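Listing of work_14.pdb, PDB, C-alpha atoms
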```
ATOM      1  CA  MET A   1       9.676  14.583  35.071
ATOM      2  CA  TYR A   2       9.778  18.171  33.859
ATOM      3  CA  ARG A   3      11.289  19.259  37.163
ATOM      4  CA  TRP A   4      14.010  16.637  36.691
ATOM      5  CA  ILE A   5      14.810  17.942  33.179
ATOM      6  CA  TRP A   6      14.865  21.505  34.554
ATOM      7  CA  ARG A   7      17.465  20.512  37.180
ATOM      8  CA  GLN A   8      19.714  18.870  34.566
ATOM      9  CA  LEU A   9      19.911  22.063  32.505
ATOM     10  CA  PRO A  10      22.932  24.336  33.062
ATOM     11  CA  GLY A  11      22.962  28.105  33.509
ATOM     12  CA  SER A  12      20.671  30.722  34.956
ATOM     13  CA  ALA A  13      16.884  30.525  35.096
ATOM     14  CA  ALA A  14      16.661  32.565  31.881
ATOM     15  CA  ALA A  15      19.087  30.240  30.075
ATOM     16  CA  ARG A  16      17.162  27.203  31.323
ATOM     17  CA  THR A  17      13.873  28.675  30.109
ATOM     18  CA  ALA A  18      15.398  29.286  26.671
ATOM     19  CA  THR A  19      16.745  25.715  26.503
ATOM     20  CA  MET A  20      13.378  24.316  27.598
ATOM     21  CA  ALA A  21      11.663  26.324  24.837
ATOM     22  CA  LEU A  22      14.131  24.993  22.252
ATOM     23  CA  LEU A  23      13.575  21.430  23.462
ATOM     24  CA  LEU A  24       9.830  21.923  23.205
ATOM     25  CA  ILE A  25      10.095  23.247  19.645
ATOM     26  CA  ALA A  26      12.369  20.355  18.666
ATOM     27  CA  VAL A  27       9.924  17.780  20.071
ATOM     28  CA  LEU A  28       6.955  19.447  18.343
ATOM     29  CA  ALA A  29       8.822  19.559  15.020
ATOM     30  CA  LEU A  30       9.751  15.882  15.335
ATOM     31  CA  LEU A  31       6.124  14.979  16.035
ATOM     32  CA  TRP A  32       4.618  17.125  13.251
ATOM     33  CA  LEU A  33       7.171  16.400  10.529
ATOM     34  CA  VAL A  34       8.154  12.794  11.212
ATOM     35  CA  VAL A  35       5.995  10.921  13.716
ATOM     36  CA  PHE A  36       2.523  12.163  12.687
ATOM     37  CA  PRO A  37       3.036  11.738   8.907
ATOM     38  CA  TRP A  38       4.191   8.185   9.551
ATOM     39  CA  ALA A  39       1.325   7.464  11.939
ATOM     40  CA  SER A  40      -1.288   9.009   9.640
ATOM     41  CA  ILE A  41      -0.752   6.358   6.963
ATOM     42  CA  HIS A  42      -0.498   3.482   9.446
ATOM     43  CA  VAL A  43      -3.392   4.332  11.745
ATOM     44  CA  PRO A  44      -6.610   3.621   9.822
ATOM     45  CA  VAL A  45      -8.668   6.583  11.037
ATOM     46  CA  ASP A  46     -10.686   7.084   7.857
ATOM     47  CA  GLN A  47     -10.823   3.935   5.721
ATOM     48  CA  SER A  48     -12.132   4.318   2.209
ATOM     49  CA  GLY A  49     -10.799   1.281   0.352
ATOM     50  CA  ILE A  50     -12.936  -1.724  -0.390
ATOM     51  CA  GLY A  51     -12.665  -5.445  -1.102
TER      52      GLY A  51
ATOM     53  CA  MET B  52       4.298   8.710  46.780
ATOM     54  CA  ARG B  53       3.833  12.389  45.965
ATOM     55  CA  PHE B  54       6.718  12.114  43.514
ATOM     56  CA  CYS B  55       5.155   9.144  41.679
ATOM     57  CA  GLN B  56       1.784  10.879  41.504
ATOM     58  CA  ARG B  57       3.368  13.950  39.974
ATOM     59  CA  VAL B  58       5.317  11.987  37.334
ATOM     60  CA  ILE B  59       2.277   9.907  36.374
ATOM     61  CA  GLY B  60       0.183  13.080  36.159
ATOM     62  CA  GLU B  61       2.762  14.747  33.924
ATOM     63  CA  ILE B  62       2.920  11.719  31.628
ATOM     64  CA  LEU B  63      -0.880  11.582  31.339
ATOM     65  CA  VAL B  64      -1.209  15.281  30.575
ATOM     66  CA  THR B  65       1.629  15.056  28.026
ATOM     67  CA  SER B  66      -0.034  12.068  26.316
ATOM     68  CA  GLY B  67      -3.314  13.958  26.151
ATOM     69  CA  VAL B  68      -1.634  16.936  24.511
ATOM     70  CA  ILE B  69       0.107  14.647  21.981
ATOM     71  CA  VAL B  70      -3.189  12.956  21.067
ATOM     72  CA  ALA B  71      -4.850  16.371  20.615
ATOM     73  CA  LEU B  72      -1.944  17.462  18.398
ATOM     74  CA  PHE B  73      -2.253  14.263  16.358
ATOM     75  CA  LEU B  74      -5.948  14.939  15.734
ATOM     76  CA  ALA B  75      -5.045  18.470  14.647
ATOM     77  CA  TYR B  76      -2.481  16.940  12.288
ATOM     78  CA  MET B  77      -5.037  14.489  10.867
ATOM     79  CA  TYR B  78      -7.310  17.393  10.038
ATOM     80  CA  TRP B  79      -4.982  20.227   8.990
ATOM     81  CA  GLY B  80      -1.595  18.553   8.524
ATOM     82  CA  THR B  81      -2.838  15.865   6.118
ATOM     83  CA  ALA B  82      -4.785  18.523   4.182
ATOM     84  CA  MET B  83      -1.622  20.634   3.791
ATOM     85  CA  ARG B  84       0.424  17.667   2.593
ATOM     86  CA  GLU B  85      -2.299  16.562   0.195
ATOM     87  CA  GLY B  86      -2.640  20.142  -1.089
ATOM     88  CA  ASP B  87       1.091  20.258  -1.847
ATOM     89  CA  ALA B  88       0.931  16.890  -3.628
ATOM     90  CA  GLN B  89      -2.136  17.945  -5.649
ATOM     91  CA  GLN B  90      -0.463  21.162  -6.806
ATOM     92  CA  ARG B  91       2.575  19.151  -7.916
ATOM     93  CA  PHE B  92       0.358  16.596  -9.709
ATOM     94  CA  ASP B  93      -1.620  19.338 -11.449
ATOM     95  CA  ARG B  94       1.565  20.901 -12.840
ATOM     96  CA  GLU B  95       2.958  17.491 -13.758
ATOM     97  CA  LEU B  96      -0.169  16.423 -15.649
ATOM     98  CA  SER B  97      -0.470  19.752 -17.497
ATOM     99  CA  SER B  98       3.107  19.517 -18.707
ATOM    100  CA  ARG B  99       2.764  15.814 -19.545
ATOM    101  CA  TRP B 100      -0.426  16.512 -21.515
ATOM    102  CA  ALA B 101       0.897  19.565 -23.364
ATOM    103  CA  ALA B 102       0.884  18.884 -27.091
ATOM    104  CA  PRO B 103       4.568  18.954 -28.175
ATOM    105  CA  GLY B 104       5.755  15.897 -26.243
ATOM    106  CA  LEU B 105       2.764  13.744 -27.119
ATOM    107  CA  SER B 106       2.825  11.073 -29.759
ATOM    108  CA  LEU B 107      -0.349   9.676 -31.270
ATOM    109  CA  ALA B 108       0.388   6.342 -29.622
ATOM    110  CA  MET B 109       0.397   7.964 -26.176
ATOM    111  CA  LEU B 110      -2.932   9.611 -26.882
ATOM    112  CA  GLY B 111      -4.391   6.207 -27.639
ATOM    113  CA  SER B 112      -3.061   4.363 -24.601
ATOM    114  CA  PRO B 113      -2.357   6.330 -21.435
ATOM    115  CA  GLY B 114       0.615   4.130 -20.550
ATOM    116  CA  ARG B 115       1.346   2.048 -17.497
ATOM    117  CA  LEU B 116      -0.251   3.140 -14.225
ATOM    118  CA  VAL B 117       2.329   3.515 -11.472
ATOM    119  CA  THR B 118       1.266   3.219  -7.829
ATOM    120  CA  GLY B 119       1.159   6.600  -6.134
ATOM    121  CA  ARG B 120       1.471   8.530  -9.425
ATOM    122  CA  PRO B 121      -1.282  10.716 -10.915
ATOM    123  CA  PHE B 122      -2.807   9.892 -14.316
ATOM    124  CA  ALA B 123      -6.149  11.707 -14.461
ATOM    125  CA  LEU B 124      -8.083  14.681 -13.100
ATOM    126  CA  MET B 125     -11.565  14.424 -11.636
ATOM    127  CA  ARG B 126     -14.057  17.302 -11.719
ATOM    128  CA  ILE B 127     -17.535  17.267 -10.178
ATOM    129  CA  PRO B 128     -19.408  20.541 -10.840
ATOM    130  CA  ALA B 129     -22.043  19.651  -8.209
ATOM    131  CA  PHE B 130     -19.285  20.133  -5.587
ATOM    132  CA  GLY B 131     -18.334  23.570  -6.936
ATOM    133  CA  ALA B 132     -16.685  24.983 -10.038
ATOM    134  CA  ASP B 133     -13.235  24.738  -8.418
ATOM    135  CA  TRP B 134     -13.603  21.161  -7.223
ATOM    136  CA  LYS B 135     -10.812  19.242  -8.924
ATOM    137  CA  PHE B 136      -8.527  16.431  -7.777
ATOM    138  CA  ALA B 137      -5.762  14.475  -9.435
ATOM    139  CA  ILE B 138      -6.413  10.721  -9.248
ATOM    140  CA  VAL B 139      -3.436   8.579  -8.259
ATOM    141  CA  GLN B 140      -3.013   4.866  -8.876
ATOM    142  CA  GLY B 141      -3.710   2.709  -5.802
ATOM    143  CA  THR B 142      -5.934   2.869  -2.745
ATOM    144  CA  GLY B 143      -3.507   2.145   0.110
ATOM    145  CA  LEU B 144      -3.397   4.739   2.894
ATOM    146  CA  ALA B 145      -0.122   6.064   1.463
ATOM    147  CA  GLN B 146      -1.803   6.750  -1.907
ATOM    148  CA  LEU B 147      -5.088   8.094  -0.515
ATOM    149  CA  ALA B 148      -3.001  10.560   1.504
ATOM    150  CA  LEU B 149      -2.110  12.161  -1.873
ATOM    151  CA  GLY B 150      -5.607  12.236  -3.369
ATOM    152  CA  PRO B 151      -8.434   9.983  -4.577
ATOM    153  CA  GLY B 152      -7.058   6.636  -5.785
ATOM    154  CA  HIS B 153      -7.931   4.352  -8.702
ATOM    155  CA  VAL B 154      -8.765   0.855  -7.406
ATOM    156  CA  PRO B 155      -6.129  -1.459  -8.940
ATOM    157  CA  GLY B 156      -7.614  -4.115 -11.192
ATOM    158  CA  THR B 157     -10.617  -2.045 -12.206
ATOM    159  CA  GLN B 158     -10.866  -0.446 -15.670
ATOM    160  CA  ARG B 159      -9.388   2.835 -16.811
ATOM    161  CA  PRO B 160     -11.403   5.957 -17.546
ATOM    162  CA  GLY B 161     -13.674   5.501 -20.553
ATOM    163  CA  GLN B 162     -13.230   1.736 -20.844
ATOM    164  CA  VAL B 163     -16.132  -0.695 -20.895
ATOM    165  CA  GLY B 164     -16.268  -2.115 -17.388
ATOM    166  CA  ASN B 165     -15.902  -0.274 -14.109
ATOM    167  CA  PHE B 166     -13.582   2.644 -13.372
ATOM    168  CA  ALA B 167     -13.533   2.641  -9.543
ATOM    169  CA  VAL B 168     -12.092   5.488  -7.463
ATOM    170  CA  ALA B 169     -11.827   5.569  -3.660
ATOM    171  CA  GLY B 170     -11.193   8.721  -1.652
ATOM    172  CA  HIS B 171     -11.015   9.927   1.927
ATOM    173  CA  ARG B 172     -14.223  11.316   3.384
ATOM    174  CA  VAL B 173     -12.186  13.231   5.963
ATOM    175  CA  THR B 174      -8.424  13.910   6.263
ATOM    176  CA  ALA B 175      -6.150  14.617   3.282
ATOM    177  CA  GLY B 176      -8.264  17.604   2.244
ATOM    178  CA  ASN B 177     -11.597  15.710   2.607
ATOM    179  CA  PRO B 178     -11.836  15.058  -1.163
ATOM    180  CA  PHE B 179     -14.939  12.816  -1.039
ATOM    181  CA  TRP B 180     -16.742  14.600   1.800
ATOM    182  CA  SER B 181     -19.811  15.316  -0.382
ATOM    183  CA  VAL B 182     -19.962  12.046  -2.336
ATOM    184  CA  PRO B 183     -23.035  10.807  -0.372
ATOM    185  CA  SER B 184     -24.920  13.910  -1.574
ATOM    186  CA  LEU B 185     -24.489  13.054  -5.291
ATOM    187  CA  ARG B 186     -27.792  12.452  -7.068
ATOM    188  CA  PRO B 187     -28.820  10.886 -10.398
ATOM    189  CA  GLY B 188     -27.993  13.274 -13.228
ATOM    190  CA  ASP B 189     -24.937  14.865 -11.557
ATOM    191  CA  ALA B 190     -21.937  14.977 -13.883
ATOM    192  CA  VAL B 191     -18.452  13.626 -13.194
ATOM    193  CA  PHE B 192     -15.688  14.657 -15.604
ATOM    194  CA  ILE B 193     -12.459  12.676 -15.901
ATOM    195  CA  ASP B 194      -9.626  14.333 -17.822
ATOM    196  CA  THR B 195      -6.888  12.044 -19.129
ATOM    197  CA  VAL B 196      -4.132  12.342 -21.681
ATOM    198  CA  SER B 197      -6.563  11.257 -24.407
ATOM    199  CA  GLY B 198      -9.421  13.572 -23.528
ATOM    200  CA  THR B 199     -12.332  14.251 -21.211
ATOM    201  CA  TYR B 200     -14.842  11.559 -20.273
ATOM    202  CA  GLU B 201     -18.219  12.643 -19.008
ATOM    203  CA  TYR B 202     -20.091  10.333 -16.672
ATOM    204  CA  LYS B 203     -23.606  10.847 -15.323
ATOM    205  CA  ILE B 204     -24.567   9.523 -11.910
ATOM    206  CA  THR B 205     -27.352   6.999 -12.422
ATOM    207  CA  ALA B 206     -28.453   6.015  -8.923
ATOM    208  CA  ARG B 207     -28.642   7.367  -5.401
ATOM    209  CA  PRO B 208     -25.773   6.421  -3.063
ATOM    210  CA  VAL B 209     -25.826   2.921  -1.601
ATOM    211  CA  TRP B 210     -24.245   1.781   1.656
ATOM    212  CA  VAL B 211     -22.215  -1.437   1.624
ATOM    213  CA  TRP B 212     -19.881  -3.362   3.930
ATOM    214  CA  PRO B 213     -16.143  -2.759   3.538
ATOM    215  CA  GLY B 214     -15.674  -6.281   2.138
ATOM    216  CA  ASP B 215     -18.351  -5.991  -0.552
ATOM    217  CA  SER B 216     -16.157  -6.193  -3.636
ATOM    218  CA  ALA B 217     -19.169  -6.776  -5.930
ATOM    219  CA  VAL B 218     -19.347  -2.996  -6.360
ATOM    220  CA  LEU B 219     -15.959  -3.232  -8.093
ATOM    221  CA  ALA B 220     -17.168  -5.826 -10.628
ATOM    222  CA  PRO B 221     -16.796  -4.866 -14.315
ATOM    223  CA  SER B 222     -20.601  -4.886 -14.520
ATOM    224  CA  PRO B 223     -21.773  -3.647 -11.111
ATOM    225  CA  ASP B 224     -25.421  -3.841 -12.223
ATOM    226  CA  ARG B 225     -25.116  -7.557 -13.033
ATOM    227  CA  PRO B 226     -22.057  -8.942 -11.128
ATOM    228  CA  GLY B 227     -20.460 -11.908 -12.827
ATOM    229  CA  GLN B 228     -21.778 -11.032 -16.289
ATOM    230  CA  ARG B 229     -19.857  -9.624 -19.219
ATOM    231  CA  PRO B 230     -19.748  -5.827 -18.985
ATOM    232  CA  ARG B 231     -21.647  -3.905 -21.659
ATOM    233  CA  HIS B 232     -21.308  -0.341 -20.370
ATOM    234  CA  ALA B 233     -18.586   1.967 -19.099
ATOM    235  CA  TRP B 234     -19.272   2.595 -15.421
ATOM    236  CA  ILE B 235     -17.700   4.841 -12.849
ATOM    237  CA  THR B 236     -17.826   3.948  -9.146
ATOM    238  CA  LEU B 237     -16.931   6.420  -6.390
ATOM    239  CA  ILE B 238     -16.237   4.966  -2.936
ATOM    240  CA  THR B 239     -15.719   6.631   0.421
ATOM    241  CA  CYS B 240     -16.298   5.782   4.065
ATOM    242  CA  ASP B 241     -19.369   6.381   6.187
ATOM    243  CA  PRO B 242     -19.763   7.556   8.858
ATOM    244  CA  ALA B 243     -16.861   9.979   8.516
ATOM    245  CA  TRP B 244     -13.797   9.230  10.688
ATOM    246  CA  SER B 245     -14.564   5.521  10.645
ATOM    247  CA  GLY B 246     -14.123   2.268   8.769
ATOM    248  CA  THR B 247     -17.582   0.907   9.546
ATOM    249  CA  SER B 248     -19.179   0.979   6.092
ATOM    250  CA  ARG B 249     -18.732   2.453   2.619
ATOM    251  CA  VAL B 250     -20.869   4.757   0.518
ATOM    252  CA  VAL B 251     -20.847   3.893  -3.168
ATOM    253  CA  VAL B 252     -22.097   6.039  -6.037
ATOM    254  CA  THR B 253     -22.209   4.757  -9.627
ATOM    255  CA  GLY B 254     -22.573   6.446 -12.978
ATOM    256  CA  LEU B 255     -22.397   5.712 -16.699
ATOM    257  CA  LEU B 256     -20.223   7.146 -19.457
ATOM    258  CA  VAL B 257     -22.271   9.530 -21.575
ATOM    259  CA  GLY B 258     -19.679  11.294 -23.679
ATOM    260  CA  LYS B 259     -16.069  11.850 -24.658
ATOM    261  CA  THR B 260     -14.266  14.928 -25.900
ATOM    262  CA  PRO B 261     -10.878  14.030 -27.429
ATOM    263  CA  ARG B 262      -7.990  16.226 -26.328
ATOM    264  CA  TYR B 263      -6.848  16.570 -29.913
ATOM    265  CA  PRO B 264      -9.575  15.732 -32.444
ATOM    266  CA  GLY B 265      -8.382  12.984 -34.730
ATOM    267  CA  GLY B 266      -5.795  11.655 -32.272
ATOM    268  CA  GLY B 267      -6.323   8.729 -29.982
ATOM    269  CA  SER B 268      -9.328   6.537 -29.451
TER     270      SER B 268
END
```

Show me the file's structure as structure tokens.
Amino acid sequence: MYRWIWRQLPGSAAARTATMALLLIAVLALLWLVVFPWASIHVPVDQSGIG
Amino acid sequence: MRFCQRVIGEILVTSGVIVALFLAYMYWGTAMREGDAQQRFDRELSSRWAAPGLSLAMLGSPGRLVTGRPFALMRIPAFGADWKFAIVQGTGLAQLALGPGHVPGTQRPGQVGNFAVAGHRVTAGNPFWSVPSLRPGDAVFIDTVSGTYEYKITARPVWVWPGDSAVLAPSPDRPGQRPRHAWITLITCDPAWSGTSRVVVTGLLVGKTPRYPGGGS
């Protein structure tokens, strides 16, 4: 999977590494800022309500 | 075959990392977001409660409670001198992510009946982490627009099932009867990180200090 993404990227090895790093940061930001906040109030990990 | 094994392995490892990150978010991320919300609420309540904008009517009735909005501050000295949280209206996960929440349908601070507040044991800054360690005689202060209500814990914590709404009754000591006292009920989950059961601590109103003597009820 990661090898496939690597092959799709243009440019030299250094350019590919930089693009991979950017992709990684973008995915992490999406998870931390959008996906996790949404999931945290829909996944009942710690339930404190009653009735 | 080798190709499939590698892709499946990569997907499994990636999923594991995402789950680990999500747990880190539940612990630190939710605390950061709740901390931001609490700071905002603290500023908002201080400016709302500052004298110039207040009419006597507002001091008497704290207005409509809006889901997800703060209306009171809770202080419990037994948890430390700095322990303070703004209470929001509502106990859905979206509200508890902002701070302890007032159970809709229960009374307001100071009223005869039952003022019930639920809070996360863990996540969102762990506001009610220490609630099971409260003991009879511990004080709980609730600041509202009209003043400060002092409650004293009257009994050791009790463990109930999540569906046991009798603890929310206006007279939790005698469910079904007309309330005669002003109670406070604090609710959180136990064990931590679960929804298995609830810990409930109750107390009685013992005093009130008006924000502005002569104003309000």

Proximity of chain B to chain A: per-residue shortest pair, 9 Å limit, all atoms listed in the file, as CSV:
```
residue,atom,partner,partner_atom,distance
B:Arg57,CA,A:Met1,CA,8.0
B:Val58,CA,A:Met1,CA,5.6
B:Ile59,CA,A:Met1,CA,8.8
B:Glu61,CA,A:Met1,CA,7.0
B:Ile62,CA,A:Met1,CA,8.1
B:Ile69,CA,A:Leu31,CA,8.5
B:Leu72,CA,A:Trp32,CA,8.3
B:Phe73,CA,A:Phe36,CA,6.4
B:Tyr76,CA,A:Phe36,CA,6.9
B:Met77,CA,A:Ser40,CA,6.8
B:Gly80,CA,A:Trp32,CA,7.9
B:Thr81,CA,A:Pro37,CA,7.7
B:Thr142,CA,A:Gly49,CA,6.0
B:Gly143,CA,A:Gly49,CA,7.3
B:Leu144,CA,A:Ile41,CA,5.1
B:Ala145,CA,A:Ile41,CA,5.5
B:Gln146,CA,A:Ile41,CA,8.9
B:Leu147,CA,A:Ser48,CA,8.4
B:Ala148,CA,A:Ile41,CA,7.2
B:Gly152,CA,A:Gly49,CA,9.0
B:Val154,CA,A:Gly49,CA,8.0
B:Val168,CA,A:Gly49,CA,9.0
B:Ala169,CA,A:Gly49,CA,6.0
B:Gly170,CA,A:Ser48,CA,5.9
B:His171,CA,A:Ser48,CA,5.7
B:Arg172,CA,A:Asp46,CA,7.1
B:Val173,CA,A:Asp46,CA,6.6
B:Thr174,CA,A:Asp46,CA,7.4
B:Trp212,CA,A:Ile50,CA,8.3
B:Pro213,CA,A:Ile50,CA,5.2
B:Gly214,CA,A:Gly51,CA,4.5
B:Asp215,CA,A:Gly51,CA,5.7
B:Ser216,CA,A:Gly51,CA,4.4
B:Ala217,CA,A:Gly51,CA,8.2
B:Val218,CA,A:Gly51,CA,8.8
B:Leu219,CA,A:Gly51,CA,8.0
B:Ile238,CA,A:Ser48,CA,6.6
B:Thr239,CA,A:Ser48,CA,4.6
B:Cys240,CA,A:Ser48,CA,4.8
B:Asp241,CA,A:Ser48,CA,8.5
B:Ala243,CA,A:Asp46,CA,6.9
B:Trp244,CA,A:Asp46,CA,4.7
B:Ser245,CA,A:Asp46,CA,5.0
B:Gly246,CA,A:Gln47,CA,4.8
B:Thr247,CA,A:Gln47,CA,8.3
B:Ser248,CA,A:Ser48,CA,8.7
B:Arg249,CA,A:Ser48,CA,6.9
B:Val250,CA,A:Ser48,CA,8.9
```

Checklist entry - Which distance in Å separates atom CA of B:Asn165 and atom CA of B:Lys259, to one decimal? => result 16.1 Å

Checklist outcome for this item: In Å and to one decimal, atom CA of B:Asp133 is distant from atom CA of B:Asp87 by 16.4 Å

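Of the listed residues B:Ser181, B:Gln228, B:Ile193, B:Ala167, the one whose atoms come nearest to B:Gly131 is B:Ser181, with distances taken using all atoms listed in the file.
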
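When the PyMOL selection byres ((chain B and resi 135) around 7) is evaluated on the file shown here, the picked residues come out as Leu124, Met125, Arg126, Asp133, Trp134, Phe136 and Ala137 of chain B.
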
Could you give me the axis-aligned bounding box of stretch 238-254 of chain B, with 3 Å of padding per side, as centre plus edge lengths in Å to one decimal, as AutoDock Vina command-line options?
```
--center_x -18.2 --center_y 5.4 --center_z -1.1 --size_x 14.8 --size_y 15.1 --size_z 29.7
```

Item to check | Residue with smallest distance to B:Thr205 - pool B:Thr253, B:Asn177, B:Ser98, B:Ser184, counting all atoms listed in the file | outcome: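 Of all the options, B:Thr253 lies closest to B:Thr205.
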
Item to check | Which residue of B:Leu185, B:Phe192, B:Pro151, B:Arg99 approaches B:Ala132 most closely, using only C-alpha atoms | outcome: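 The answer is B:Phe192, which sits nearest to B:Ala132.
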
Stretch 5-7 of chain A environment, 10 Å, all atoms listed in the file, sequence neighbours closer than 2 positions dropped, as a PDB file with C-alpha atoms, in the frame of the given file:
```pdb
ATOM      1  CA  MET A   1       9.676  14.583  35.071  1.00  0.00           C
ATOM      2  CA  TYR A   2       9.778  18.171  33.859  1.00  0.00           C
ATOM      3  CA  ARG A   3      11.289  19.259  37.163  1.00  0.00           C
ATOM      4  CA  LEU A   9      19.911  22.063  32.505  1.00  0.00           C
ATOM      5  CA  PRO A  10      22.932  24.336  33.062  1.00  0.00           C
ATOM      6  CA  ALA A  13      16.884  30.525  35.096  1.00  0.00           C
ATOM      7  CA  ARG A  16      17.162  27.203  31.323  1.00  0.00           C
ATOM      8  CA  THR A  17      13.873  28.675  30.109  1.00  0.00           C
ATOM      9  CA  THR A  19      16.745  25.715  26.503  1.00  0.00           C
ATOM     10  CA  MET A  20      13.378  24.316  27.598  1.00  0.00           C
TER      11      MET A  20
END
```

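Reported to one decimal place, the separation of atom CA of B:Ala101 from atom CA of B:Tyr200 is 17.9 Å.
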
Item to check | Within 10 Å of file point (-18.3, 12.0, -14.4), counting only C-alpha atoms, expressed as a ChimeraX atom specification | outcome: /B:125-128,160,188-194,199-204,234-237,253-258

Emit the selected residues as a compact mmCIF listing (two decimals), in the frame of the given file, including C-alpha atoms.
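Writing done, so here's again_19.txt:
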```
# COMPACT_ATOMS: atom_id res chain seq x y z
CA MET B 125 -11.56 14.42 -11.64
CA ARG B 126 -14.06 17.30 -11.72
CA ILE B 127 -17.54 17.27 -10.18
CA PRO B 128 -19.41 20.54 -10.84
CA PRO B 160 -11.40 5.96 -17.55
CA GLY B 188 -27.99 13.27 -13.23
CA ASP B 189 -24.94 14.86 -11.56
CA ALA B 190 -21.94 14.98 -13.88
CA VAL B 191 -18.45 13.63 -13.19
CA PHE B 192 -15.69 14.66 -15.60
CA ILE B 193 -12.46 12.68 -15.90
CA ASP B 194 -9.63 14.33 -17.82
CA THR B 199 -12.33 14.25 -21.21
CA TYR B 200 -14.84 11.56 -20.27
CA GLU B 201 -18.22 12.64 -19.01
CA TYR B 202 -20.09 10.33 -16.67
CA LYS B 203 -23.61 10.85 -15.32
CA ILE B 204 -24.57 9.52 -11.91
CA TRP B 234 -19.27 2.60 -15.42
CA ILE B 235 -17.70 4.84 -12.85
CA THR B 236 -17.83 3.95 -9.15
CA LEU B 237 -16.93 6.42 -6.39
CA THR B 253 -22.21 4.76 -9.63
CA GLY B 254 -22.57 6.45 -12.98
CA LEU B 255 -22.40 5.71 -16.70
CA LEU B 256 -20.22 7.15 -19.46
CA VAL B 257 -22.27 9.53 -21.58
CA GLY B 258 -19.68 11.29 -23.68
```

Could you please fill out stretch 77-91 of chain B with N, CA and C atoms and send it back as a short mmCIF file (atom, residue, chain, number, x, y, z; two decimals), in the coordinates of the input?
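The result, written out as result37.cif:
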```
data_model
loop_
_atom_site.label_atom_id
_atom_site.label_comp_id
_atom_site.auth_asym_id
_atom_site.auth_seq_id
_atom_site.Cartn_x
_atom_site.Cartn_y
_atom_site.Cartn_z
N MET B 77 -4.18 15.26 11.77
CA MET B 77 -5.04 14.49 10.87
C MET B 77 -5.96 15.42 10.10
N TYR B 78 -6.40 16.49 10.73
CA TYR B 78 -7.31 17.39 10.04
C TYR B 78 -6.57 18.40 9.16
N TRP B 79 -5.65 19.15 9.74
CA TRP B 79 -4.98 20.23 8.99
C TRP B 79 -3.69 19.77 8.33
N GLY B 80 -2.89 18.98 9.05
CA GLY B 80 -1.60 18.55 8.52
C GLY B 80 -1.74 17.72 7.27
N THR B 81 -2.67 16.72 7.30
CA THR B 81 -2.84 15.86 6.12
C THR B 81 -3.39 16.68 4.96
N ALA B 82 -4.24 17.68 5.25
CA ALA B 82 -4.78 18.52 4.18
C ALA B 82 -3.67 19.34 3.53
N MET B 83 -2.73 19.85 4.34
CA MET B 83 -1.62 20.63 3.79
C MET B 83 -0.74 19.76 2.90
N ARG B 84 -0.44 18.55 3.38
CA ARG B 84 0.42 17.67 2.59
C ARG B 84 -0.27 17.26 1.29
N GLU B 85 -1.56 16.95 1.39
CA GLU B 85 -2.30 16.56 0.20
C GLU B 85 -2.39 17.73 -0.78
N GLY B 86 -2.59 18.96 -0.23
CA GLY B 86 -2.64 20.14 -1.09
C GLY B 86 -1.34 20.34 -1.86
N ASP B 87 -0.22 20.15 -1.17
CA ASP B 87 1.09 20.26 -1.85
C ASP B 87 1.20 19.22 -2.96
N ALA B 88 0.83 17.97 -2.64
CA ALA B 88 0.93 16.89 -3.63
C ALA B 88 0.03 17.18 -4.82
N GLN B 89 -1.20 17.68 -4.57
CA GLN B 89 -2.14 17.94 -5.65
C GLN B 89 -1.62 19.04 -6.57
N GLN B 90 -1.02 20.08 -5.98
CA GLN B 90 -0.46 21.16 -6.81
C GLN B 90 0.63 20.63 -7.72
N ARG B 91 1.49 19.76 -7.15
CA ARG B 91 2.58 19.15 -7.92
C ARG B 91 1.99 18.31 -9.05
#
```
